[in-house]
Amino acid sequence: MKFELNFRNNRGTDQELLGDMNRVASKLGVTKLVSREYDENGKFSSKQIEKRFGSWNKALVKAGLEITVMSNIPKKELFENLEEVWVKLGRQPGHREMKRPLSKYSERGYVNTFGSWRKALEAFVEYMNTDVEELPAIEPTPEAVKETEAVYKHKTKREPSLRLKVQVLMRDGNKCRLCGVTVTGDNIHFDHIKPWSKGGETTLENLQVLCEEHNLGKGDLEYT
Ligand SMILES: [Zn+2]
């Protein structure tokens with residue numbers, strides 16, 4: 001009997017290597033496959049795959065699998081991105097809409113962190129419902145106050161934060177409160193019900209969604 005090293009099973013075409021990575025990923029039910037898990041379950045070795053494609057991540061991209069790095073996006077960033085998308089659309093985004101250029105992160109980025117798109121939205125709503133201290137407003141200088149009596153000392157900043165905008169949209173929907181027209185993107189105006197110039201604050205209670213026409217028409221008036 002002659003002993004031989006058998007390399008036959010270790011070779012494979014590019015397609016076979018990539019196909020086996022996909023097989024292991026679906027067997028494990030993961031969208032991101034780490035090399036250690038592959039070595040425990042794969043027909044080939046991760047070293048061999050790395051050698052063939054240049055790196056493990058390059059092989060993942062070729063195989064159409066998520067790059068491991070994607071799962072390390074901080075939750076805060078995922079929430080802030082969702083705020084941006086929400087305000088651009090004026091409403092709750094669908095998972096299929098989570099694509100560039102609208103969204104910086106794909107649905108996968110959320111699924112990897114939260115488990116599912118639904119869970120990501122639930123975590124987001126919870127985040128929206130927790131009180132976060134708004135940044136302190138810049139106090140007007142005493143000189144500015146002296147110049148005119150109409151200068152109010154606001155407790156808030158004039159421009160609502162993204163977070164506050166989302167909260168207003170969650171409450172009002174993306175419809176003008178005066179005419180009911182649906183607004184998206186730049187056509188969404190966040191109006192101070194009691195005008196900022198009359199001391200109205202930037203708070204959920206004092207903000208409403210208006211269309212451009214009604215926002216421009218309003219000026220310093222107070223609609224009820
Ligand atoms: Zn309107």
# chains A, B, ... in the order shown; residues from 1 in each chain; ligands from 1
>>> residues_near_ligand(ligand="ligand 1", cutoff="9 Å", atoms="only C-alpha atoms and all ligand atoms", output="ChimeraX atom specification")
/A:175-183,209-215
>>> residues_around(residues="His192 in chain A", least_positions_apart="3", cutoff="6 Å", atoms="only C-alpha atoms", output="ChimeraX atom specification")
/A:195,206-207
>>> residues_around(residues="Pro74 in chain A", least_positions_apart="2", cutoff="12 Å", atoms="only C-alpha atoms", output="PyMOL selection string")
chain A and resi 69-72+76-81+105+109-110+112-114
>>> atom_distance(atom1="CA of Lys119 in chain A", atom2="CA of Glu83 in chain A")
15.9 Å
>>> closest_residue(among="A:Glu40, A:Ile49, A:Thr156, A:Lys32", to="Gly12 in chain A", atoms="only C-alpha atoms")
A:Ile49
>>> closest_residue(among="A:Val125, A:Ala63, A:Val34, A:Ile73", to="Asp20 in chain A", atoms="only C-alpha atoms")
A:Ala63
>>> closest_residue(among="A:Gln92, A:Asn22, A:Ser46, A:Asn41", to="Gly64 in chain A", atoms="only C-alpha atoms")
A:Asn22
>>> select_by_dssp(residues="range 20-224 of chain A", states="strand (DSSP E or B)", output="NGL selection string")
:A and (32 or 66 or 175 or 182 or 189-192 or 207-210)
>>> closest_residue(among="A:Lys47, A:Leu65, A:Gly90, A:Gly54", to="Leu18 in chain A", atoms="only C-alpha atoms")
A:Leu65
